[in-house]
file query11.cif (mmCIF, N, CA and C atoms, pLDDT in the B column; chains and numbers go by the auth columns)
data_run
#
loop_
_atom_site.group_PDB
_atom_site.id
_atom_site.type_symbol
_atom_site.label_atom_id
_atom_site.label_comp_id
_atom_site.label_asym_id
_atom_site.label_seq_id
_atom_site.Cartn_x
_atom_site.Cartn_y
_atom_site.Cartn_z
_atom_site.B_iso_or_equiv
_atom_site.auth_seq_id
_atom_site.auth_asym_id
ATOM 1 N N MET A 1 23.684 4.908 0.650 57.00 294 T
ATOM 2 C CA MET A 1 22.969 6.048 0.088 57.00 294 T
ATOM 3 C C MET A 1 22.643 5.746 -1.375 57.00 294 T
ATOM 4 N N SER A 2 21.411 6.008 -1.767 62.00 295 T
ATOM 5 C CA SER A 2 21.012 5.739 -3.147 62.00 295 T
ATOM 6 C C SER A 2 20.920 7.033 -3.942 62.00 295 T
ATOM 7 N N ALA A 3 21.113 6.901 -5.236 65.00 296 T
ATOM 8 C CA ALA A 3 21.036 8.062 -6.119 65.00 296 T
ATOM 9 C C ALA A 3 19.581 8.359 -6.453 65.00 296 T
ATOM 10 N N MET A 4 19.278 9.622 -6.569 70.00 297 T
ATOM 11 C CA MET A 4 17.927 10.019 -6.942 70.00 297 T
ATOM 12 C C MET A 4 17.839 10.034 -8.459 70.00 297 T
ATOM 13 N N GLY A 5 16.662 9.776 -8.979 79.00 298 T
ATOM 14 C CA GLY A 5 16.494 9.734 -10.424 79.00 298 T
ATOM 15 C C GLY A 5 15.232 10.437 -10.870 79.00 298 T
ATOM 16 N N PHE A 6 15.166 10.653 -12.146 81.00 299 T
ATOM 17 C CA PHE A 6 14.008 11.288 -12.766 81.00 299 T
ATOM 18 C C PHE A 6 12.853 10.300 -12.813 81.00 299 T
ATOM 19 N N ARG A 7 11.662 10.735 -12.431 81.00 300 T
ATOM 20 C CA ARG A 7 10.466 9.896 -12.496 81.00 300 T
ATOM 21 C C ARG A 7 9.413 10.596 -13.341 81.00 300 T
ATOM 22 N N PHE A 8 8.634 9.784 -14.064 86.00 301 T
ATOM 23 C CA PHE A 8 7.559 10.316 -14.893 86.00 301 T
ATOM 24 C C PHE A 8 6.370 9.372 -14.799 86.00 301 T
ATOM 25 N N ARG A 9 5.182 9.924 -14.625 87.00 302 T
ATOM 26 C CA ARG A 9 3.964 9.119 -14.600 87.00 302 T
ATOM 27 C C ARG A 9 2.801 9.985 -15.056 87.00 302 T
ATOM 28 N N ARG A 10 1.994 9.435 -15.947 92.00 303 T
ATOM 29 C CA ARG A 10 0.817 10.142 -16.455 92.00 303 T
ATOM 30 C C ARG A 10 -0.354 9.168 -16.449 92.00 303 T
ATOM 31 N N THR A 11 -1.497 9.594 -15.936 92.00 304 T
ATOM 32 C CA THR A 11 -2.697 8.764 -15.897 92.00 304 T
ATOM 33 C C THR A 11 -3.747 9.369 -16.823 92.00 304 T
ATOM 34 N N ILE A 12 -4.292 8.531 -17.708 92.00 305 T
ATOM 35 C CA ILE A 12 -5.314 8.972 -18.656 92.00 305 T
ATOM 36 C C ILE A 12 -6.623 8.260 -18.297 92.00 305 T
ATOM 37 N N PRO A 13 -7.607 8.996 -17.770 92.00 306 T
ATOM 38 C CA PRO A 13 -8.879 8.364 -17.400 92.00 306 T
ATOM 39 C C PRO A 13 -9.689 7.952 -18.628 92.00 306 T
ATOM 40 N N LEU A 14 -10.324 6.785 -18.531 87.00 307 T
ATOM 41 C CA LEU A 14 -11.215 6.284 -19.585 87.00 307 T
ATOM 42 C C LEU A 14 -12.558 5.952 -18.939 87.00 307 T
ATOM 43 N N GLY A 15 -13.294 6.960 -18.582 86.00 308 T
ATOM 44 C CA GLY A 15 -14.565 6.745 -17.901 86.00 308 T
ATOM 45 C C GLY A 15 -14.383 6.681 -16.394 86.00 308 T
ATOM 46 N N ARG A 16 -15.386 6.140 -15.715 86.00 309 T
ATOM 47 C CA ARG A 16 -15.375 6.102 -14.247 86.00 309 T
ATOM 48 C C ARG A 16 -14.452 5.038 -13.677 86.00 309 T
ATOM 49 N N LEU A 17 -14.322 3.893 -14.344 83.00 310 T
ATOM 50 C CA LEU A 17 -13.612 2.768 -13.751 83.00 310 T
ATOM 51 C C LEU A 17 -12.255 2.445 -14.377 83.00 310 T
ATOM 52 N N PHE A 18 -11.952 2.962 -15.554 88.00 311 T
ATOM 53 C CA PHE A 18 -10.739 2.540 -16.264 88.00 311 T
ATOM 54 C C PHE A 18 -9.744 3.672 -16.437 88.00 311 T
ATOM 55 N N ARG A 19 -8.437 3.315 -16.425 90.00 312 T
ATOM 56 C CA ARG A 19 -7.369 4.287 -16.620 90.00 312 T
ATOM 57 C C ARG A 19 -6.206 3.632 -17.362 90.00 312 T
ATOM 58 N N ILE A 20 -5.514 4.426 -18.176 90.00 313 T
ATOM 59 C CA ILE A 20 -4.261 3.998 -18.780 90.00 313 T
ATOM 60 C C ILE A 20 -3.172 4.772 -18.052 90.00 313 T
ATOM 61 N N ASN A 21 -2.158 4.063 -17.583 91.00 314 T
ATOM 62 C CA ASN A 21 -1.052 4.671 -16.857 91.00 314 T
ATOM 63 C C ASN A 21 0.198 4.580 -17.718 91.00 314 T
ATOM 64 N N VAL A 22 0.839 5.724 -17.944 93.00 315 T
ATOM 65 C CA VAL A 22 2.054 5.774 -18.747 93.00 315 T
ATOM 66 C C VAL A 22 3.176 6.297 -17.859 93.00 315 T
ATOM 67 N N SER A 23 4.291 5.567 -17.856 89.00 316 T
ATOM 68 C CA SER A 23 5.438 6.008 -17.063 89.00 316 T
ATOM 69 C C SER A 23 6.707 5.818 -17.873 89.00 316 T
ATOM 70 N N LYS A 24 7.812 6.216 -17.290 86.00 317 T
ATOM 71 C CA LYS A 24 9.105 6.081 -17.935 86.00 317 T
ATOM 72 C C LYS A 24 9.425 4.613 -18.225 86.00 317 T
ATOM 73 N N THR A 25 8.915 3.698 -17.401 85.00 318 T
ATOM 74 C CA THR A 25 9.246 2.284 -17.548 85.00 318 T
ATOM 75 C C THR A 25 8.213 1.476 -18.328 85.00 318 T
ATOM 76 N N GLY A 26 7.078 2.061 -18.713 88.00 319 T
ATOM 77 C CA GLY A 26 6.106 1.315 -19.499 88.00 319 T
ATOM 78 C C GLY A 26 4.681 1.810 -19.368 88.00 319 T
ATOM 79 N N VAL A 27 3.756 0.999 -19.883 90.00 320 T
ATOM 80 C CA VAL A 27 2.325 1.323 -19.904 90.00 320 T
ATOM 81 C C VAL A 27 1.570 0.226 -19.162 90.00 320 T
ATOM 82 N N SER A 28 0.532 0.622 -18.407 88.00 321 T
ATOM 83 C CA SER A 28 -0.324 -0.353 -17.743 88.00 321 T
ATOM 84 C C SER A 28 -1.769 0.121 -17.824 88.00 321 T
ATOM 85 N N VAL A 29 -2.678 -0.800 -17.513 87.00 322 T
ATOM 86 C CA VAL A 29 -4.110 -0.492 -17.507 87.00 322 T
ATOM 87 C C VAL A 29 -4.638 -0.773 -16.111 87.00 322 T
ATOM 88 N N SER A 30 -5.402 0.166 -15.558 89.00 323 T
ATOM 89 C CA SER A 30 -6.005 0.002 -14.240 89.00 323 T
ATOM 90 C C SER A 30 -7.518 0.049 -14.356 89.00 323 T
ATOM 91 N N ALA A 31 -8.165 -0.699 -13.475 87.00 324 T
ATOM 92 C CA ALA A 31 -9.623 -0.683 -13.409 87.00 324 T
ATOM 93 C C ALA A 31 -10.028 -0.720 -11.953 87.00 324 T
ATOM 94 N N GLY A 32 -11.037 0.038 -11.619 85.00 325 T
ATOM 95 C CA GLY A 32 -11.529 0.039 -10.254 85.00 325 T
ATOM 96 C C GLY A 32 -11.884 1.436 -9.802 85.00 325 T
ATOM 97 N N ARG A 33 -12.039 1.548 -8.522 84.00 326 T
ATOM 98 C CA ARG A 33 -12.370 2.831 -7.914 84.00 326 T
ATOM 99 C C ARG A 33 -11.598 2.927 -6.611 84.00 326 T
ATOM 100 N N PRO A 34 -11.600 4.074 -5.951 83.00 327 T
ATOM 101 C CA PRO A 34 -10.865 4.172 -4.692 83.00 327 T
ATOM 102 C C PRO A 34 -11.294 3.069 -3.722 83.00 327 T
ATOM 103 N N GLY A 35 -10.338 2.345 -3.234 85.00 328 T
ATOM 104 C CA GLY A 35 -10.626 1.248 -2.320 85.00 328 T
ATOM 105 C C GLY A 35 -10.420 -0.125 -2.925 85.00 328 T
ATOM 106 N N ALA A 36 -10.525 -0.246 -4.252 86.00 329 T
ATOM 107 C CA ALA A 36 -10.332 -1.540 -4.915 86.00 329 T
ATOM 108 C C ALA A 36 -9.915 -1.308 -6.359 86.00 329 T
ATOM 109 N N THR A 37 -8.688 -1.719 -6.709 86.00 330 T
ATOM 110 C CA THR A 37 -8.155 -1.496 -8.039 86.00 330 T
ATOM 111 C C THR A 37 -7.399 -2.723 -8.530 86.00 330 T
ATOM 112 N N VAL A 38 -7.500 -2.989 -9.830 85.00 331 T
ATOM 113 C CA VAL A 38 -6.726 -4.037 -10.495 85.00 331 T
ATOM 114 C C VAL A 38 -5.849 -3.347 -11.529 85.00 331 T
ATOM 115 N N ASN A 39 -4.571 -3.722 -11.592 86.00 332 T
ATOM 116 C CA ASN A 39 -3.634 -3.125 -12.522 86.00 332 T
ATOM 117 C C ASN A 39 -2.928 -4.230 -13.291 86.00 332 T
ATOM 118 N N VAL A 40 -2.930 -4.116 -14.629 84.00 333 T
ATOM 119 C CA VAL A 40 -2.245 -5.079 -15.480 84.00 333 T
ATOM 120 C C VAL A 40 -1.161 -4.343 -16.249 84.00 333 T
ATOM 121 N N GLY A 41 0.077 -4.801 -16.078 84.00 334 T
ATOM 122 C CA GLY A 41 1.216 -4.197 -16.753 84.00 334 T
ATOM 123 C C GLY A 41 2.273 -5.231 -17.049 84.00 334 T
ATOM 124 N N LYS A 42 3.452 -4.769 -17.440 83.00 335 T
ATOM 125 C CA LYS A 42 4.506 -5.703 -17.824 83.00 335 T
ATOM 126 C C LYS A 42 5.018 -6.532 -16.648 83.00 335 T
ATOM 127 N N ASP A 43 4.833 -6.062 -15.423 82.00 336 T
ATOM 128 C CA ASP A 43 5.272 -6.808 -14.241 82.00 336 T
ATOM 129 C C ASP A 43 4.228 -7.798 -13.739 82.00 336 T
ATOM 130 N N GLY A 44 3.069 -7.867 -14.394 81.00 337 T
ATOM 131 C CA GLY A 44 2.025 -8.797 -13.988 81.00 337 T
ATOM 132 C C GLY A 44 0.751 -8.089 -13.595 81.00 337 T
ATOM 133 N N THR A 45 -0.134 -8.832 -12.959 82.00 338 T
ATOM 134 C CA THR A 45 -1.425 -8.306 -12.517 82.00 338 T
ATOM 135 C C THR A 45 -1.392 -8.133 -11.012 82.00 338 T
ATOM 136 N N HIS A 46 -1.752 -6.933 -10.551 85.00 339 T
ATOM 137 C CA HIS A 46 -1.767 -6.624 -9.125 85.00 339 T
ATOM 138 C C HIS A 46 -3.162 -6.184 -8.707 85.00 339 T
ATOM 139 N N VAL A 47 -3.563 -6.557 -7.516 85.00 340 T
ATOM 140 C CA VAL A 47 -4.823 -6.107 -6.926 85.00 340 T
ATOM 141 C C VAL A 47 -4.471 -5.270 -5.705 85.00 340 T
ATOM 142 N N THR A 48 -5.079 -4.101 -5.605 88.00 341 T
ATOM 143 C CA THR A 48 -4.846 -3.217 -4.467 88.00 341 T
ATOM 144 C C THR A 48 -6.170 -2.950 -3.770 88.00 341 T
ATOM 145 N N VAL A 49 -6.191 -3.140 -2.463 87.00 342 T
ATOM 146 C CA VAL A 49 -7.375 -2.865 -1.649 87.00 342 T
ATOM 147 C C VAL A 49 -6.944 -1.946 -0.520 87.00 342 T
ATOM 148 N N GLY A 50 -7.716 -0.894 -0.283 88.00 343 T
ATOM 149 C CA GLY A 50 -7.341 0.042 0.762 88.00 343 T
ATOM 150 C C GLY A 50 -8.529 0.794 1.321 88.00 343 T
ATOM 151 N N ALA A 51 -8.232 1.623 2.300 89.00 344 T
ATOM 152 C CA ALA A 51 -9.239 2.487 2.902 89.00 344 T
ATOM 153 C C ALA A 51 -9.032 3.892 2.350 89.00 344 T
ATOM 154 N N PRO A 52 -9.902 4.356 1.437 86.00 345 T
ATOM 155 C CA PRO A 52 -9.719 5.654 0.802 86.00 345 T
ATOM 156 C C PRO A 52 -9.556 6.787 1.818 86.00 345 T
ATOM 157 N N GLY A 53 -8.610 7.666 1.528 88.00 346 T
ATOM 158 C CA GLY A 53 -8.384 8.825 2.373 88.00 346 T
ATOM 159 C C GLY A 53 -7.439 8.589 3.540 88.00 346 T
ATOM 160 N N THR A 54 -7.055 7.333 3.782 92.00 347 T
ATOM 161 C CA THR A 54 -6.181 7.043 4.929 92.00 347 T
ATOM 162 C C THR A 54 -4.724 6.877 4.526 92.00 347 T
ATOM 163 N N GLY A 55 -4.468 6.592 3.251 90.00 348 T
ATOM 164 C CA GLY A 55 -3.107 6.323 2.813 90.00 348 T
ATOM 165 C C GLY A 55 -2.680 4.887 3.073 90.00 348 T
ATOM 166 N N MET A 56 -3.582 4.065 3.617 93.00 349 T
ATOM 167 C CA MET A 56 -3.256 2.675 3.921 93.00 349 T
ATOM 168 C C MET A 56 -3.885 1.754 2.867 93.00 349 T
ATOM 169 N N SER A 57 -3.067 0.819 2.342 91.00 350 T
ATOM 170 C CA SER A 57 -3.582 -0.121 1.358 91.00 350 T
ATOM 171 C C SER A 57 -2.760 -1.399 1.384 91.00 350 T
ATOM 172 N N TRP A 58 -3.283 -2.437 0.743 90.00 351 T
ATOM 173 C CA TRP A 58 -2.620 -3.729 0.618 90.00 351 T
ATOM 174 C C TRP A 58 -2.543 -4.043 -0.862 90.00 351 T
ATOM 175 N N ARG A 59 -1.335 -4.370 -1.351 89.00 352 T
ATOM 176 C CA ARG A 59 -1.144 -4.689 -2.762 89.00 352 T
ATOM 177 C C ARG A 59 -0.636 -6.117 -2.884 89.00 352 T
ATOM 178 N N GLU A 60 -1.285 -6.894 -3.733 88.00 353 T
ATOM 179 C CA GLU A 60 -0.946 -8.313 -3.891 88.00 353 T
ATOM 180 C C GLU A 60 -0.761 -8.616 -5.375 88.00 353 T
ATOM 181 N N LYS A 61 0.318 -9.326 -5.697 87.00 354 T
ATOM 182 C CA LYS A 61 0.557 -9.754 -7.073 87.00 354 T
ATOM 183 C C LYS A 61 -0.274 -11.001 -7.342 87.00 354 T
ATOM 184 N N VAL A 62 -1.106 -10.964 -8.402 82.00 355 T
ATOM 185 C CA VAL A 62 -2.004 -12.064 -8.718 82.00 355 T
ATOM 186 C C VAL A 62 -1.370 -12.999 -9.744 82.00 355 T
ATOM 187 N N THR A 63 -0.694 -12.456 -10.757 73.00 356 T
ATOM 188 C CA THR A 63 -0.008 -13.258 -11.770 73.00 356 T
ATOM 189 C C THR A 63 1.361 -12.667 -12.037 73.00 356 T
ATOM 190 N N SER A 64 2.238 -13.480 -12.611 65.00 357 T
ATOM 191 C CA SER A 64 3.589 -13.020 -12.875 65.00 357 T
ATOM 192 C C SER A 64 3.720 -12.258 -14.186 65.00 357 T
ATOM 193 N N ARG A 65 2.727 -12.308 -15.053 61.00 358 T
ATOM 194 C CA ARG A 65 2.739 -11.504 -16.261 61.00 358 T
ATOM 195 C C ARG A 65 1.320 -11.073 -16.591 61.00 358 T
ATOM 196 N N GLY A 66 1.168 -10.105 -17.484 53.00 359 T
ATOM 197 C CA GLY A 66 -0.147 -9.595 -17.832 53.00 359 T
ATOM 198 C C GLY A 66 -1.108 -10.710 -18.211 53.00 359 T
ATOM 199 N N CYS A 67 -2.309 -10.682 -17.682 59.00 360 T
ATOM 200 C CA CYS A 67 -3.244 -11.781 -17.908 59.00 360 T
ATOM 201 C C CYS A 67 -4.636 -11.196 -18.154 59.00 360 T
ATOM 202 N N ALA A 68 -5.068 -11.191 -19.402 61.00 361 T
ATOM 203 C CA ALA A 68 -6.360 -10.612 -19.756 61.00 361 T
ATOM 204 C C ALA A 68 -7.543 -11.310 -19.089 61.00 361 T
ATOM 205 N N PRO A 69 -7.584 -12.650 -18.984 61.00 362 T
ATOM 206 C CA PRO A 69 -8.743 -13.281 -18.331 61.00 362 T
ATOM 207 C C PRO A 69 -8.911 -12.868 -16.873 61.00 362 T
ATOM 208 N N VAL A 70 -7.815 -12.748 -16.144 63.00 363 T
ATOM 209 C CA VAL A 70 -7.904 -12.313 -14.746 63.00 363 T
ATOM 210 C C VAL A 70 -8.458 -10.899 -14.687 63.00 363 T
ATOM 211 N N LEU A 71 -7.999 -10.034 -15.569 61.00 364 T
ATOM 212 C CA LEU A 71 -8.494 -8.656 -15.606 61.00 364 T
ATOM 213 C C LEU A 71 -9.978 -8.625 -15.931 61.00 364 T
ATOM 214 N N LEU A 72 -10.401 -9.397 -16.902 62.00 365 T
ATOM 215 C CA LEU A 72 -11.806 -9.403 -17.301 62.00 365 T
ATOM 216 C C LEU A 72 -12.722 -9.829 -16.162 62.00 365 T
ATOM 217 N N VAL A 73 -12.391 -10.909 -15.484 62.00 366 T
ATOM 218 C CA VAL A 73 -13.207 -11.383 -14.361 62.00 366 T
ATOM 219 C C VAL A 73 -13.234 -10.340 -13.253 62.00 366 T
ATOM 220 N N THR A 74 -12.085 -9.759 -12.954 66.00 367 T
ATOM 221 C CA THR A 74 -12.017 -8.753 -11.890 66.00 367 T
ATOM 222 C C THR A 74 -12.826 -7.515 -12.257 66.00 367 T
ATOM 223 N N LEU A 75 -12.767 -7.107 -13.508 65.00 368 T
ATOM 224 C CA LEU A 75 -13.544 -5.947 -13.948 65.00 368 T
ATOM 225 C C LEU A 75 -15.041 -6.191 -13.796 65.00 368 T
ATOM 226 N N LEU A 76 -15.464 -7.397 -14.121 61.00 369 T
ATOM 227 C CA LEU A 76 -16.880 -7.728 -13.956 61.00 369 T
ATOM 228 C C LEU A 76 -17.290 -7.661 -12.481 61.00 369 T
ATOM 229 N N VAL A 77 -16.441 -8.165 -11.597 63.00 370 T
ATOM 230 C CA VAL A 77 -16.734 -8.112 -10.165 63.00 370 T
ATOM 231 C C VAL A 77 -16.820 -6.668 -9.686 63.00 370 T
ATOM 232 N N ILE A 78 -15.870 -5.846 -10.120 65.00 371 T
ATOM 233 C CA ILE A 78 -15.859 -4.437 -9.714 65.00 371 T
ATOM 234 C C ILE A 78 -17.092 -3.722 -10.273 65.00 371 T
ATOM 235 N N ALA A 79 -17.457 -4.008 -11.523 62.00 372 T
ATOM 236 C CA ALA A 79 -18.622 -3.359 -12.138 62.00 372 T
ATOM 237 C C ALA A 79 -19.902 -3.691 -11.370 62.00 372 T
ATOM 238 N N PHE A 80 -20.071 -4.950 -11.001 59.00 373 T
ATOM 239 C CA PHE A 80 -21.274 -5.326 -10.245 59.00 373 T
ATOM 240 C C PHE A 80 -21.244 -4.752 -8.827 59.00 373 T
ATOM 241 N N ALA A 81 -20.059 -4.629 -8.229 60.00 374 T
ATOM 242 C CA ALA A 81 -19.957 -4.082 -6.878 60.00 374 T
ATOM 243 C C ALA A 81 -20.279 -2.595 -6.855 60.00 374 T
ATOM 244 N N SER A 82 -20.048 -1.906 -7.982 58.00 375 T
ATOM 245 C CA SER A 82 -20.287 -0.468 -8.004 58.00 375 T
ATOM 246 C C SER A 82 -21.724 -0.094 -8.336 58.00 375 T
ATOM 247 N N LEU A 83 -22.564 -1.070 -8.633 53.00 376 T
ATOM 248 C CA LEU A 83 -23.968 -0.776 -8.957 53.00 376 T
ATOM 249 C C LEU A 83 -24.765 -0.379 -7.747 53.00 376 T
#
call {"tool": "encode", "arguments": {"input": "query11.cif", "output": "structure tokens"}}
result
Amino acid sequence: MSAMGFRFRRTIPLGRLFRINVSKTGVSVSAGRPGATVNVGKDGTHVTVGAPGTGMSWREKVTSRGCAPVLLVTLLVIAFASL
């Protein structure tokens, strides 16, 4: 049996594609839209792809620590895909 703990998470939108996520354990930056998101935080860079509205998604760790070049390339891909 595990102990329950206090959780905190706040998302601050920065336009249509970008968000800052603040939680008890740290800060991260997300970019994307429902169905395709990239998140860069202290645990690394993650890409999440899913089917919006179904609750089903796949999350994959891309790097072991925050990586600005990976985020930049991914943001460009997402920006062109949303046009």
call {"tool": "resolve_selection", "arguments": {"input": "query11.cif", "expression": "the PyMOL selection byres ((chain T and resi 329) around 8)", "output": "tab-separated table (two decimals) with N, CA and C atoms, in the coordinates of the input"}}
result
chain	number	residue	atom	x	y	z
T	324	ALA	N	-8.16	-0.70	-13.48
T	324	ALA	CA	-9.62	-0.68	-13.41
T	324	ALA	C	-10.03	-0.72	-11.95
T	325	GLY	N	-11.04	0.04	-11.62
T	325	GLY	CA	-11.53	0.04	-10.25
T	325	GLY	C	-11.88	1.44	-9.80
T	326	ARG	N	-12.04	1.55	-8.52
T	326	ARG	CA	-12.37	2.83	-7.91
T	326	ARG	C	-11.60	2.93	-6.61
T	327	PRO	N	-11.60	4.07	-5.95
T	327	PRO	CA	-10.86	4.17	-4.69
T	327	PRO	C	-11.29	3.07	-3.72
T	328	GLY	N	-10.34	2.35	-3.23
T	328	GLY	CA	-10.63	1.25	-2.32
T	328	GLY	C	-10.42	-0.12	-2.92
T	330	THR	N	-8.69	-1.72	-6.71
T	330	THR	CA	-8.15	-1.50	-8.04
T	330	THR	C	-7.40	-2.72	-8.53
T	331	VAL	N	-7.50	-2.99	-9.83
T	331	VAL	CA	-6.73	-4.04	-10.50
T	331	VAL	C	-5.85	-3.35	-11.53
T	332	ASN	N	-4.57	-3.72	-11.59
T	332	ASN	CA	-3.63	-3.12	-12.52
T	332	ASN	C	-2.93	-4.23	-13.29
T	340	VAL	N	-3.56	-6.56	-7.52
T	340	VAL	CA	-4.82	-6.11	-6.93
T	340	VAL	C	-4.47	-5.27	-5.70
T	341	THR	N	-5.08	-4.10	-5.60
T	341	THR	CA	-4.85	-3.22	-4.47
T	341	THR	C	-6.17	-2.95	-3.77
T	342	VAL	N	-6.19	-3.14	-2.46
T	342	VAL	CA	-7.38	-2.86	-1.65
T	342	VAL	C	-6.94	-1.95	-0.52
T	343	GLY	N	-7.72	-0.89	-0.28
T	343	GLY	CA	-7.34	0.04	0.76
T	343	GLY	C	-8.53	0.79	1.32
T	344	ALA	N	-8.23	1.62	2.30
T	344	ALA	CA	-9.24	2.49	2.90
T	344	ALA	C	-9.03	3.89	2.35
T	345	PRO	N	-9.90	4.36	1.44
T	345	PRO	CA	-9.72	5.65	0.80
T	345	PRO	C	-9.56	6.79	1.82
T	371	ILE	N	-15.87	-5.85	-10.12
T	371	ILE	CA	-15.86	-4.44	-9.71
T	371	ILE	C	-17.09	-3.72	-10.27
call {"tool": "atom_distance", "arguments": {"input": "query11.cif", "atom1": "atom C of Thr356 (chain T)", "atom2": "atom C of Phe299 (chain T)"}}
result
25.7 Å
call {"tool": "atom_distance", "arguments": {"input": "query11.cif", "atom1": "CA of Met349 (chain T)", "atom2": "CA of Ile305 (chain T)"}}
result
23.5 Å
call {"tool": "atom_distance", "arguments": {"input": "query11.cif", "atom1": "CA of Ser350 (chain T)", "atom2": "CA of Gly298 (chain T)"}}
result
25.3 Å
call {"tool": "residues_around", "arguments": {"input": "query11.cif", "residues": "region 306-313 of chain T", "least_positions_apart": "2", "cutoff": "8 Å", "atoms": "all atoms listed in the file", "output": "PyMOL selection string"}}
result
chain T and resi 303-304+315-316+320-326
call {"tool": "select_by_dssp", "arguments": {"input": "query11.cif", "residues": "region 298-355 of chain T", "states": "strand (DSSP E or B)", "output": "ChimeraX atom specification"}}
result
/T:302-307,311-316,319-326,329-334,337-344,349-355
call {"tool": "closest_residue", "arguments": {"input": "query11.cif", "among": "T:Lys354, T:Met297, T:Arg302, T:Gly319", "to": "Lys335 (chain T)", "atoms": "all atoms listed in the file"}}
result
T:Gly319
call {"tool": "closest_residue", "arguments": {"input": "query11.cif", "among": "T:Glu353, T:Gly346, T:Thr338, T:Arg300", "to": "Lys317 (chain T)", "atoms": "only C-alpha atoms"}}
result
T:Arg300
call {"tool": "axis_aligned_box", "arguments": {"input": "query11.cif", "around": "region 324-341 of chain T", "padding_each_side": "6 Å", "output": "lines of an AutoDock Vina configuration file"}}
result
center_x = -3.5
center_y = -2.3
center_z = -10.1
size_x = 29.6
size_y = 25.0
size_z = 27.5
